[in-house]
file upload.pdb (PDB, C-alpha atoms)
ATOM      1  CA  MET S   1     122.395  40.802 110.681
ATOM      2  CA  TYR S   2     125.572  39.354 109.202
ATOM      3  CA  PHE S   3     123.480  36.902 107.174
ATOM      4  CA  TYR S   4     121.622  39.758 105.488
ATOM      5  CA  LEU S   5     124.864  41.623 104.821
ATOM      6  CA  GLU S   6     126.374  38.561 103.162
ATOM      7  CA  GLN S   7     123.191  38.070 101.177
ATOM      8  CA  ILE S   8     123.333  41.660  99.915
ATOM      9  CA  VAL S   9     126.974  41.231  98.885
ATOM     10  CA  VAL S  10     126.180  38.016  96.990
ATOM     11  CA  GLU S  11     123.163  39.530  95.257
ATOM     12  CA  GLY S  12     125.238  42.583  94.375
ATOM     13  CA  THR S  13     127.579  40.434  92.293
ATOM     14  CA  THR S  14     124.656  39.342  90.095
ATOM     15  CA  VAL S  15     123.434  42.836  89.195
ATOM     16  CA  PHE S  16     125.077  42.678  85.755
ATOM     17  CA  ALA S  17     124.581  38.928  85.280
ATOM     18  CA  ASP S  18     122.338  39.354  82.214
ATOM     19  CA  VAL S  19     124.380  42.213  80.681
ATOM     20  CA  VAL S  20     126.990  41.637  77.989
ATOM     21  CA  GLU S  21     130.568  42.380  79.057
ATOM     22  CA  GLU S  22     130.846  45.436  76.836
ATOM     23  CA  PHE S  23     128.247  47.209  78.963
ATOM     24  CA  SER S  24     128.934  45.622  82.355
ATOM     25  CA  ASP S  25     132.538  46.695  82.875
ATOM     26  CA  VAL S  26     133.596  50.264  83.531
ATOM     27  CA  ARG S  27     136.759  49.767  81.486
ATOM     28  CA  HIS S  28     134.844  48.787  78.343
ATOM     29  CA  ILE S  29     132.346  51.626  78.725
ATOM     30  CA  ALA S  30     135.094  54.181  79.299
ATOM     31  CA  GLN S  31     137.064  52.796  76.357
ATOM     32  CA  ARG S  32     134.155  53.299  73.942
ATOM     33  CA  PHE S  33     133.653  56.880  75.079
ATOM     34  CA  ALA S  34     137.405  57.523  74.955
ATOM     35  CA  GLU S  35     137.583  56.292  71.362
ATOM     36  CA  TRP S  36     134.700  58.601  70.507
ATOM     37  CA  TYR S  37     136.480  61.565  72.100
ATOM     38  CA  ILE S  38     139.866  60.837  70.482
ATOM     39  CA  ARG S  39     138.415  60.356  66.989
ATOM     40  CA  PHE S  40     135.632  62.931  67.043
ATOM     41  CA  PRO S  41     136.215  65.430  69.878
ATOM     42  CA  LYS S  42     133.856  68.111  68.576
ATOM     43  CA  PRO S  43     130.776  65.842  68.203
ATOM     44  CA  TYR S  44     131.698  64.357  71.595
ATOM     45  CA  VAL S  45     131.330  67.794  73.196
ATOM     46  CA  GLN S  46     128.270  68.741  71.144
ATOM     47  CA  ALA S  47     126.493  65.565  72.279
ATOM     48  CA  PHE S  48     127.223  66.418  75.944
ATOM     49  CA  ALA S  49     128.899  63.034  76.334
ATOM     50  CA  GLY S  50     131.036  64.389  79.154
ATOM     51  CA  LEU S  51     127.886  65.107  81.171
ATOM     52  CA  CYS S  52     126.256  61.763  80.386
ATOM     53  CA  LEU S  53     129.281  59.597  81.148
ATOM     54  CA  PRO S  54     129.300  60.219  84.934
ATOM     55  CA  LYS S  55     125.711  58.950  85.181
ATOM     56  CA  LEU S  56     126.650  55.801  83.261
ATOM     57  CA  LEU S  57     129.568  55.210  85.612
ATOM     58  CA  LEU S  58     127.669  55.649  88.882
ATOM     59  CA  PRO S  59     126.775  51.944  89.326
ATOM     60  CA  PHE S  60     130.487  51.105  89.212
ATOM     61  CA  ALA S  61     131.748  53.792  91.569
ATOM     62  CA  ASP S  62     132.456  53.163  95.236
ATOM     63  CA  ALA S  63     132.845  55.765  97.991
ATOM     64  CA  ARG S  64     135.491  53.900 100.018
ATOM     65  CA  ASP S  65     139.108  54.982  99.491
ATOM     66  CA  LEU S  66     138.411  56.258  96.001
ATOM     67  CA  GLU S  67     141.933  56.022  94.634
ATOM     68  CA  SER S  68     142.200  52.301  95.435
ATOM     69  CA  PHE S  69     139.328  51.207  93.186
ATOM     70  CA  TYR S  70     139.716  50.076  89.612
ATOM     71  CA  TRP S  71     137.052  52.458  88.336
ATOM     72  CA  PHE S  72     139.188  55.364  89.575
ATOM     73  CA  ASP S  73     142.303  54.025  87.835
ATOM     74  CA  THR S  74     140.302  53.559  84.650
ATOM     75  CA  LEU S  75     139.045  57.148  84.641
ATOM     76  CA  LEU S  76     142.464  58.482  85.603
ATOM     77  CA  THR S  77     143.844  57.426  82.207
ATOM     78  CA  TYR S  78     140.600  58.090  80.347
ATOM     79  CA  ALA S  79     141.214  59.286  76.763
ATOM     80  CA  TYR S  80     144.932  59.632  77.487
ATOM     81  CA  CYS S  81     146.925  60.936  74.547
ATOM     82  CA  PRO S  82     150.733  61.228  74.430
ATOM     83  CA  ASP S  83     152.037  64.780  74.278
ATOM     84  CA  ASP S  84     153.065  64.384  70.653
ATOM     85  CA  ASP S  85     149.568  63.289  69.576
ATOM     86  CA  PRO S  86     147.523  65.988  67.854
ATOM     87  CA  HIS S  87     144.334  66.802  69.739
ATOM     88  CA  ASP S  88     142.381  69.989  70.264
ATOM     89  CA  ALA S  89     143.199  71.525  73.649
ATOM     90  CA  GLU S  90     139.838  73.307  73.816
ATOM     91  CA  PHE S  91     138.112  69.979  74.469
ATOM     92  CA  GLU S  92     140.461  68.859  77.257
ATOM     93  CA  PRO S  93     138.261  70.214  80.104
ATOM     94  CA  GLU S  94     135.732  67.531  79.150
ATOM     95  CA  ILE S  95     138.343  64.966  80.187
ATOM     96  CA  TYR S  96     139.865  66.751  83.173
ATOM     97  CA  ASN S  97     136.458  67.265  84.769
ATOM     98  CA  LEU S  98     135.344  63.642  84.476
ATOM     99  CA  ILE S  99     136.519  62.348  87.869
ATOM    100  CA  PRO S 100     135.442  65.547  89.710
ATOM    101  CA  LEU S 101     131.993  65.186  88.126
ATOM    102  CA  VAL S 102     131.706  61.570  89.257
ATOM    103  CA  VAL S 103     132.823  62.566  92.754
ATOM    104  CA  GLU S 104     130.347  65.445  92.942
ATOM    105  CA  LYS S 105     127.382  63.676  91.340
ATOM    106  CA  PHE S 106     127.845  60.303  93.001
ATOM    107  CA  VAL S 107     130.188  60.262  95.973
ATOM    108  CA  CYS S 108     128.734  63.350  97.685
ATOM    109  CA  VAL S 109     125.195  62.097  97.137
ATOM    110  CA  ARG S 110     126.014  58.582  98.371
ATOM    111  CA  VAL S 111     127.816  59.875 101.465
ATOM    112  CA  THR S 112     124.872  62.186 102.195
ATOM    113  CA  GLU S 113     122.516  59.193 102.110
ATOM    114  CA  LEU S 114     124.778  57.192 104.423
ATOM    115  CA  MET S 115     124.990  60.109 106.852
ATOM    116  CA  GLN S 116     121.213  60.371 106.884
ATOM    117  CA  ARG S 117     120.494  56.664 107.358
ATOM    118  CA  VAL S 118     123.522  54.973 108.932
ATOM    119  CA  TRP S 119     125.883  57.380 110.705
ATOM    120  CA  ASP S 120     125.631  57.639 114.493
ATOM    121  CA  PRO S 121     126.960  61.087 115.556
ATOM    122  CA  THR S 122     127.555  59.825 119.104
ATOM    123  CA  SER S 123     129.968  57.140 117.857
ATOM    124  CA  SER S 124     133.567  58.383 118.007
ATOM    125  CA  SER S 125     134.908  55.778 115.576
ATOM    126  CA  GLN S 126     132.222  56.446 112.953
ATOM    127  CA  THR S 127     132.569  60.205 113.328
ATOM    128  CA  GLN S 128     136.362  60.200 113.060
ATOM    129  CA  ARG S 129     136.322  58.023 109.930
ATOM    130  CA  LEU S 130     133.604  60.085 108.275
ATOM    131  CA  ALA S 131     135.306  63.391 109.114
ATOM    132  CA  ARG S 132     138.652  62.101 107.805
ATOM    133  CA  PHE S 133     137.016  60.935 104.565
ATOM    134  CA  LEU S 134     135.212  64.242 103.984
ATOM    135  CA  ARG S 135     138.311  66.273 104.838
ATOM    136  CA  ASN S 136     140.347  64.341 102.266
ATOM    137  CA  LEU S 137     137.520  64.725  99.764
ATOM    138  CA  VAL S 138     137.500  68.509 100.178
ATOM    139  CA  LEU S 139     141.296  68.749  99.929
ATOM    140  CA  ASP S 140     141.676  66.444  96.917
ATOM    141  CA  TYR S 141     138.679  67.526  94.851
ATOM    142  CA  PRO S 142     138.093  71.279  94.438
ATOM    143  CA  CYS S 143     134.645  70.521  93.005
ATOM    144  CA  VAL S 144     133.529  69.621  96.536
ATOM    145  CA  ASN S 145     132.824  73.146  97.776
ATOM    146  CA  VAL S 146     129.946  75.163  99.160
ATOM    147  CA  GLN S 147     129.013  76.445  95.697
ATOM    148  CA  GLY S 148     127.953  72.963  94.560
ATOM    149  CA  LYS S 149     124.421  71.784  95.347
ATOM    150  CA  PRO S 150     125.503  68.225  96.307
ATOM    151  CA  THR S 151     128.016  69.675  98.776
ATOM    152  CA  GLN S 152     125.422  72.075 100.190
ATOM    153  CA  ALA S 153     123.025  69.169 100.695
ATOM    154  CA  LEU S 154     125.791  67.151 102.381
ATOM    155  CA  LEU S 155     126.636  69.944 104.831
ATOM    156  CA  THR S 156     122.958  70.549 105.574
ATOM    157  CA  VAL S 157     122.425  66.884 106.446
ATOM    158  CA  LEU S 158     125.650  66.835 108.483
ATOM    159  CA  HIS S 159     124.560  69.784 110.623
ATOM    160  CA  SER S 160     120.993  68.510 110.918
ATOM    161  CA  ARG S 161     122.075  65.027 112.050
ATOM    162  CA  LEU S 162     124.485  66.478 114.609
ATOM    163  CA  LYS S 163     121.872  68.867 115.993
ATOM    164  CA  SER S 164     119.088  66.285 116.222
ATOM    165  CA  SER S 165     121.395  63.711 117.820
ATOM    166  CA  LEU S 166     122.579  66.165 120.474
ATOM    167  CA  ASP S 167     119.001  67.207 121.225
ATOM    168  CA  GLU S 168     117.729  63.632 121.506
ATOM    169  CA  ASP S 169     120.633  61.633 122.963
ATOM    170  CA  LEU S 170     122.077  63.933 125.632
ATOM    171  CA  PHE S 171     120.579  64.107 129.095
ATOM    172  CA  MET S 172     122.020  65.569 132.287
ATOM    173  CA  PRO S 173     120.160  64.580 135.481
ATOM    174  CA  ILE S 174     119.623  66.938 138.417
ATOM    175  CA  TYR S 175     119.992  65.398 141.864
ATOM    176  CA  SER S 176     119.910  66.766 145.377
ATOM    177  CA  LYS S 177     123.091  66.947 147.426
ATOM    178  CA  GLU S 178     121.771  64.196 149.674
ATOM    179  CA  ALA S 179     121.181  61.850 146.724
ATOM    180  CA  LEU S 180     124.687  62.449 145.378
ATOM    181  CA  GLU S 181     126.317  61.893 148.762
ATOM    182  CA  ASN S 182     124.453  58.619 149.268
ATOM    183  CA  ARG S 183     126.370  56.143 147.102
ATOM    184  CA  ASN S 184     123.588  53.571 147.462
ATOM    185  CA  THR S 185     121.294  55.648 145.225
ATOM    186  CA  GLY S 186     123.623  55.376 142.225
ATOM    187  CA  ALA S 187     122.917  59.041 141.464
ATOM    188  CA  ALA S 188     126.571  60.153 141.500
ATOM    189  CA  ALA S 189     127.639  57.309 139.203
ATOM    190  CA  PHE S 190     124.843  58.050 136.717
ATOM    191  CA  LEU S 191     125.594  61.785 136.725
ATOM    192  CA  ASP S 192     129.266  61.017 136.118
ATOM    193  CA  ARG S 193     128.452  58.667 133.252
ATOM    194  CA  GLN S 194     126.151  61.179 131.569
ATOM    195  CA  PHE S 195     128.741  63.927 131.996
ATOM    196  CA  TRP S 196     131.517  62.005 130.246
ATOM    197  CA  PHE S 197     129.122  60.915 127.504
ATOM    198  CA  ALA S 198     128.426  64.605 126.813
ATOM    199  CA  VAL S 199     132.191  65.246 126.773
ATOM    200  CA  LYS S 200     132.556  62.462 124.211
ATOM    201  CA  CYS S 201     129.907  64.133 122.031
ATOM    202  CA  LEU S 202     131.759  67.446 122.385
ATOM    203  CA  LYS S 203     134.941  65.803 121.090
ATOM    204  CA  ASN S 204     132.950  64.364 118.179
ATOM    205  CA  VAL S 205     131.661  67.819 117.259
ATOM    206  CA  PHE S 206     135.208  69.173 117.141
ATOM    207  CA  CYS S 207     136.056  66.519 114.536
ATOM    208  CA  TRP S 208     134.233  68.795 112.084
ATOM    209  CA  GLN S 209     136.633  71.719 112.288
ATOM    210  CA  GLU S 210     137.575  72.955 108.786
ATOM    211  CA  ILE S 211     134.379  71.374 107.429
ATOM    212  CA  LEU S 212     131.677  73.269 109.322
ATOM    213  CA  SER S 213     131.940  77.019 109.813
ATOM    214  CA  ALA S 214     133.236  78.388 113.117
ATOM    215  CA  LYS S 215     129.778  79.777 113.945
ATOM    216  CA  ALA S 216     128.026  76.463 113.279
ATOM    217  CA  LEU S 217     130.662  74.673 115.339
ATOM    218  CA  GLN S 218     130.246  77.114 118.253
ATOM    219  CA  ASP S 219     126.460  76.789 118.176
ATOM    220  CA  LEU S 220     126.677  73.001 118.363
ATOM    221  CA  ALA S 221     129.532  72.803 120.869
ATOM    222  CA  ILE S 222     128.567  75.635 123.216
ATOM    223  CA  ASP S 223     124.794  76.005 122.949
ATOM    224  CA  SER S 224     123.813  72.358 122.413
ATOM    225  CA  ILE S 225     126.399  70.657 124.658
ATOM    226  CA  LEU S 226     128.452  72.926 126.909
ATOM    227  CA  ASN S 227     125.860  75.351 128.280
ATOM    228  CA  ARG S 228     122.900  72.979 128.139
ATOM    229  CA  HIS S 229     124.530  69.894 129.629
ATOM    230  CA  LEU S 230     128.155  70.155 130.761
ATOM    231  CA  VAL S 231     127.824  73.381 132.756
ATOM    232  CA  LEU S 232     124.714  71.909 134.362
ATOM    233  CA  GLY S 233     126.695  68.765 135.177
ATOM    234  CA  LEU S 234     129.406  70.845 136.855
ATOM    235  CA  GLN S 235     126.834  72.824 138.822
ATOM    236  CA  CYS S 236     125.140  69.644 140.040
ATOM    237  CA  SER S 237     128.398  67.927 141.021
ATOM    238  CA  LEU S 238     129.591  68.033 144.599
ATOM    239  CA  ILE S 239     132.382  70.522 145.244
ATOM    240  CA  SER S 240     133.950  67.879 147.464
ATOM    241  CA  ASP S 241     134.220  65.585 144.435
ATOM    242  CA  ALA S 242     137.939  65.332 143.707
ATOM    243  CA  ASN S 243     137.275  65.095 139.958
ATOM    244  CA  ILE S 244     135.271  68.295 139.559
ATOM    245  CA  LEU S 245     138.290  70.437 138.656
ATOM    246  CA  LEU S 246     139.586  67.679 136.381
ATOM    247  CA  LYS S 247     136.265  67.717 134.534
ATOM    248  CA  ALA S 248     136.391  71.497 134.097
ATOM    249  CA  LYS S 249     139.995  71.344 132.897
ATOM    250  CA  TYR S 250     139.175  68.637 130.363
ATOM    251  CA  ILE S 251     136.370  70.748 128.896
ATOM    252  CA  CYS S 252     138.488  73.912 128.676
ATOM    253  CA  ASN S 253     141.325  72.077 126.941
ATOM    254  CA  LEU S 254     138.922  70.775 124.293
ATOM    255  CA  LEU S 255     137.865  74.256 123.179
ATOM    256  CA  PRO S 256     139.868  75.374 120.105
ATOM    257  CA  ALA S 257     142.505  78.033 120.785
ATOM    258  CA  SER S 258     141.522  79.685 117.478
ATOM    259  CA  TRP S 259     138.267  80.855 119.082
ATOM    260  CA  PHE S 260     140.191  83.251 121.321
ATOM    261  CA  GLU S 261     142.953  84.458 118.996
ATOM    262  CA  GLY S 262     141.123  87.507 117.679
ATOM    263  CA  LEU S 263     139.674  88.654 120.998
ATOM    264  CA  THR S 264     140.646  92.021 122.436
ATOM    265  CA  GLY S 265     140.135  93.298 125.948
ATOM    266  CA  GLU S 266     139.670  91.072 128.982
ATOM    267  CA  SER S 267     136.405  89.305 128.124
ATOM    268  CA  THR S 268     135.834  85.934 126.500
ATOM    269  CA  ILE S 269     133.196  85.195 123.863
ATOM    270  CA  PRO S 270     129.693  85.831 125.298
ATOM    271  CA  GLN S 271     128.526  82.208 124.962
ATOM    272  CA  LEU S 272     131.226  81.075 127.416
ATOM    273  CA  GLU S 273     130.004  83.269 130.292
ATOM    274  CA  PRO S 274     128.148  80.341 131.948
ATOM    275  CA  MET S 275     131.306  78.223 131.830
ATOM    276  CA  CYS S 276     133.350  81.034 133.382
ATOM    277  CA  LYS S 277     130.833  81.429 136.205
ATOM    278  CA  ALA S 278     130.888  77.673 136.779
ATOM    279  CA  LEU S 279     134.687  77.857 137.100
ATOM    280  CA  LEU S 280     134.392  80.684 139.636
ATOM    281  CA  ARG S 281     131.879  78.649 141.657
ATOM    282  CA  ILE S 282     134.215  75.650 141.605
ATOM    283  CA  GLY S 283     137.148  77.812 142.674
ATOM    284  CA  ASP S 284     135.248  79.449 145.531
ATOM    285  CA  GLY S 285     133.943  76.088 146.689
ATOM    286  CA  LEU S 286     137.345  74.399 146.677
ATOM    287  CA  ILE S 287     139.035  77.258 148.517
ATOM    288  CA  ALA S 288     136.308  77.127 151.184
ATOM    289  CA  GLN S 289     136.717  73.380 151.756
ATOM    290  CA  PRO S 290     137.714  72.851 155.415
ATOM    291  CA  SER S 291     139.262  69.464 154.632
ATOM    292  CA  LEU S 292     141.965  71.042 152.421
ATOM    293  CA  ASP S 293     145.091  72.735 153.723
ATOM    294  CA  ARG S 294     146.210  76.185 152.571
ATOM    295  CA  ASN S 295     148.713  74.930 149.982
ATOM    296  CA  GLU S 296     146.100  72.699 148.348
ATOM    297  CA  THR S 297     143.514  75.467 148.132
ATOM    298  CA  ARG S 298     146.074  77.845 146.628
ATOM    299  CA  GLU S 299     146.998  75.291 143.953
ATOM    300  CA  TYR S 300     143.338  74.736 143.133
ATOM    301  CA  GLY S 301     142.813  78.495 142.955
ATOM    302  CA  LYS S 302     145.768  78.935 140.611
ATOM    303  CA  GLU S 303     144.419  76.168 138.377
ATOM    304  CA  VAL S 304     141.062  77.945 138.157
ATOM    305  CA  CYS S 305     142.899  81.139 137.150
ATOM    306  CA  ARG S 306     144.771  79.225 134.451
ATOM    307  CA  LEU S 307     141.527  77.819 133.065
ATOM    308  CA  LEU S 308     139.887  81.253 133.012
ATOM    309  CA  THR S 309     142.944  82.619 131.216
ATOM    310  CA  ARG S 310     142.723  79.726 128.748
ATOM    311  CA  LEU S 311     139.194  80.927 127.915
ATOM    312  CA  HIS S 312     140.455  84.533 127.610
ATOM    313  CA  ALA S 313     138.282  85.475 130.609
ATOM    314  CA  LEU S 314     141.098  87.701 131.851
ATOM    315  CA  LYS S 315     138.856  89.979 133.909
ATOM    316  CA  TYR S 316     137.426  87.048 135.859
ATOM    317  CA  ALA S 317     140.892  85.542 136.347
ATOM    318  CA  ARG S 318     142.304  88.823 137.669
ATOM    319  CA  LEU S 319     139.392  89.411 140.076
ATOM    320  CA  PHE S 320     139.460  85.827 141.340
ATOM    321  CA  ALA S 321     143.211  85.996 141.951
ATOM    322  CA  SER S 322     142.869  89.350 143.713
ATOM    323  CA  GLU S 323     140.023  88.221 145.986
ATOM    324  CA  ASN S 324     141.894  85.089 147.024
ATOM    325  CA  LYS S 325     145.360  86.704 147.181
ATOM    326  CA  LEU S 326     146.818  84.475 144.478
ATOM    327  CA  LYS S 327     149.878  85.303 142.411
ATOM    328  CA  GLN S 328     149.052  85.069 138.686
TER     329      GLN S 328
END

call {"tool": "encode", "arguments": {"input": "upload.pdb", "output": "structure tokens"}}
result
Amino acid sequence: MYFYLEQIVVEGTTVFADVVEEFSDVRHIAQRFAEWYIRFPKPYVQAFAGLCLPKLLLPFADARDLESFYWFDTLLTYAYCPDDDPHDAEFEPEIYNLIPLVVEKFVCVRVTELMQRVWDPTSSSQTQRLARFLRNLVLDYPCVNVQGKPTQALLTVLHSRLKSSLDEDLFMPIYSKEALENRNTGAAAFLDRQFWFAVKCLKNVFCWQEILSAKALQDLAIDSILNRHLVLGLQCSLISDANILLKAKYICNLLPASWFEGLTGESTIPQLEPMCKALLRIGDGLIAQPSLDRNETREYGKEVCRLLTRLHALKYARLFASENKLKQ
């Protein structure tokens, strides 16, 4: 694998081997166009040079840390004129829009291709780096917005890759109580491993806040992970498992607080009903455990109430506290 990567890097350095320097260096190409613009701005605009230049520059552009590459520095000072130099202000947009055009026409397209072919949505490190890069891209370049076709294509691929990965890679086994209690079967360990893998994928999905819409994020997080896999994992786990409440708490703390800020009344969002019922089942099961003393069961009950309140399931929290004589 590394051999092929090194071979690609070496071959990449010979791409312009048979091209004269004037046409193989971004600085020389940009300089020729800049001279054209400075000397003849009107013909420059009439010839649509500003639209052609980004395509000429694409082979030199790189999507990694844009501002650190020489092509970016070259375009940053493209056709620079001191303030006291006479030049027609009506043609300045041709210059100001150059880097945004390169970013939109090249960087978005290249990143979309990498997302389609290389990115693994279940990898936390890959997902965090990609999300950080796209977030900076959106903040730094206003041209990267939902009105642009390259950005629309990028977001479509992003959502599609997330959805297909969650559908194909997640699996939550269903075991009998006897199989889970018998450690020799390995069922409990496998269920636990699959559960935390689904939690990891849930965390990865939440990396896309501020990039994907709240509805798209809820569909992926709740419908594709929480209700389909994590709630099932909680239902299949043994109530006597000391980690079951820890698992539920970890899930609840991952859900964004912004989802519940606009809610009125005592009910949570409808998609979280299965999670609320799973919490009630856990609470009832822990309180009924004969191996726990009264103080322990009360603390577990209070924790369940806190988690229900965290989800804005206030009606469930109040009823659970009342039935079990807990102080809220």

call {"tool": "resolve_selection", "arguments": {"input": "upload.pdb", "expression": "the PyMOL selection byres ((chain S and resi 309-325) around 9)", "output": "MDAnalysis selection string"}}
result
chainID S and resid 252:253 255 257 259:261 263 265:269 272:273 276:277 280 283:284 287 298 301:302 304:308 326:328

call {"tool": "resolve_selection", "arguments": {"input": "upload.pdb", "expression": "the PyMOL selection byres ((chain S and resi 49) around 12)", "output": "CSV table (one decimal) with C-alpha atoms, in the coordinates of the input"}}
result
chain,number,residue,atom,x,y,z
S,30,ALA,CA,135.1,54.2,79.3
S,32,ARG,CA,134.2,53.3,73.9
S,33,PHE,CA,133.7,56.9,75.1
S,34,ALA,CA,137.4,57.5,75.0
S,36,TRP,CA,134.7,58.6,70.5
S,37,TYR,CA,136.5,61.6,72.1
S,40,PHE,CA,135.6,62.9,67.0
S,41,PRO,CA,136.2,65.4,69.9
S,42,LYS,CA,133.9,68.1,68.6
S,43,PRO,CA,130.8,65.8,68.2
S,44,TYR,CA,131.7,64.4,71.6
S,45,VAL,CA,131.3,67.8,73.2
S,46,GLN,CA,128.3,68.7,71.1
S,47,ALA,CA,126.5,65.6,72.3
S,48,PHE,CA,127.2,66.4,75.9
S,50,GLY,CA,131.0,64.4,79.2
S,51,LEU,CA,127.9,65.1,81.2
S,52,CYS,CA,126.3,61.8,80.4
S,53,LEU,CA,129.3,59.6,81.1
S,54,PRO,CA,129.3,60.2,84.9
S,55,LYS,CA,125.7,59.0,85.2
S,56,LEU,CA,126.6,55.8,83.3
S,91,PHE,CA,138.1,70.0,74.5
S,94,GLU,CA,135.7,67.5,79.2
S,95,ILE,CA,138.3,65.0,80.2
S,98,LEU,CA,135.3,63.6,84.5

call {"tool": "atom_distance", "arguments": {"input": "upload.pdb", "atom1": "atom CA of Ile225 of chain S", "atom2": "atom CA of Val199 of chain S"}}
result
8.2 Å

call {"tool": "resolve_selection", "arguments": {"input": "upload.pdb", "expression": "the PyMOL selection byres ((chain S and resi 173) around 8)", "output": "list in words"}}
result
Phe171, Met172, Ile174, Tyr175, Leu191, Gln194 and Gly233 of chain S

call {"tool": "residues_near_point", "arguments": {"input": "upload.pdb", "point": "(124.7, 66.4, 121.1)", "cutoff": "10 Å", "atoms": "only C-alpha atoms", "output": "list in words"}}
result
Pro121, Thr122, Arg161, Leu162, Lys163, Ser164, Ser165, Leu166, Asp167, Glu168, Asp169, Leu170, Phe171, Phe197, Ala198, Val199, Lys200, Cys201, Leu202, Asn204, Val205, Leu220, Ala221, Asp223, Ser224, Ile225, Leu226, Arg228 and His229 of chain S

call {"tool": "atom_distance", "arguments": {"input": "upload.pdb", "atom1": "atom CA of Ser123 of chain S", "atom2": "atom CA of Gln147 of chain S"}}
result
29.4 Å

call {"tool": "closest_residue", "arguments": {"input": "upload.pdb", "among": "S:Lys215, S:Arg110, S:Lys249, S:His28", "to": "Ala153 of chain S", "atoms": "all atoms listed in the file"}}
result
S:Arg110

call {"tool": "closest_residue", "arguments": {"input": "upload.pdb", "among": "S:Pro150, S:Gly262, S:Pro256, S:Pro290", "to": "Leu217 of chain S", "atoms": "only C-alpha atoms"}}
result
S:Pro256

call {"tool": "closest_residue", "arguments": {"input": "upload.pdb", "among": "S:Asp120, S:Ser176, S:Glu104, S:Leu212", "to": "Leu155 of chain S", "atoms": "all atoms listed in the file"}}
result
S:Leu212

call {"tool": "atom_distance", "arguments": {"input": "upload.pdb", "atom1": "atom CA of Trp196 of chain S", "atom2": "atom CA of Gln289 of chain S"}}
result
24.9 Å

call {"tool": "closest_residue", "arguments": {"input": "upload.pdb", "among": "S:Ala288, S:Leu154, S:Leu232, S:Ala248", "to": "Phe106 of chain S", "atoms": "only C-alpha atoms"}}
result
S:Leu154

call {"tool": "closest_residue", "arguments": {"input": "upload.pdb", "among": "S:Phe195, S:Cys207, S:Asp140, S:Arg135", "to": "Asn243 of chain S", "atoms": "all atoms listed in the file"}}
result
S:Phe195

call {"tool": "residues_around", "arguments": {"input": "upload.pdb", "residues": "Gly148 of chain S", "least_positions_apart": "6", "cutoff": "12 Å", "atoms": "all atoms listed in the file", "output": "ChimeraX atom specification"}}
result
/S:100-101,103-105,108-109,138,142,154-155
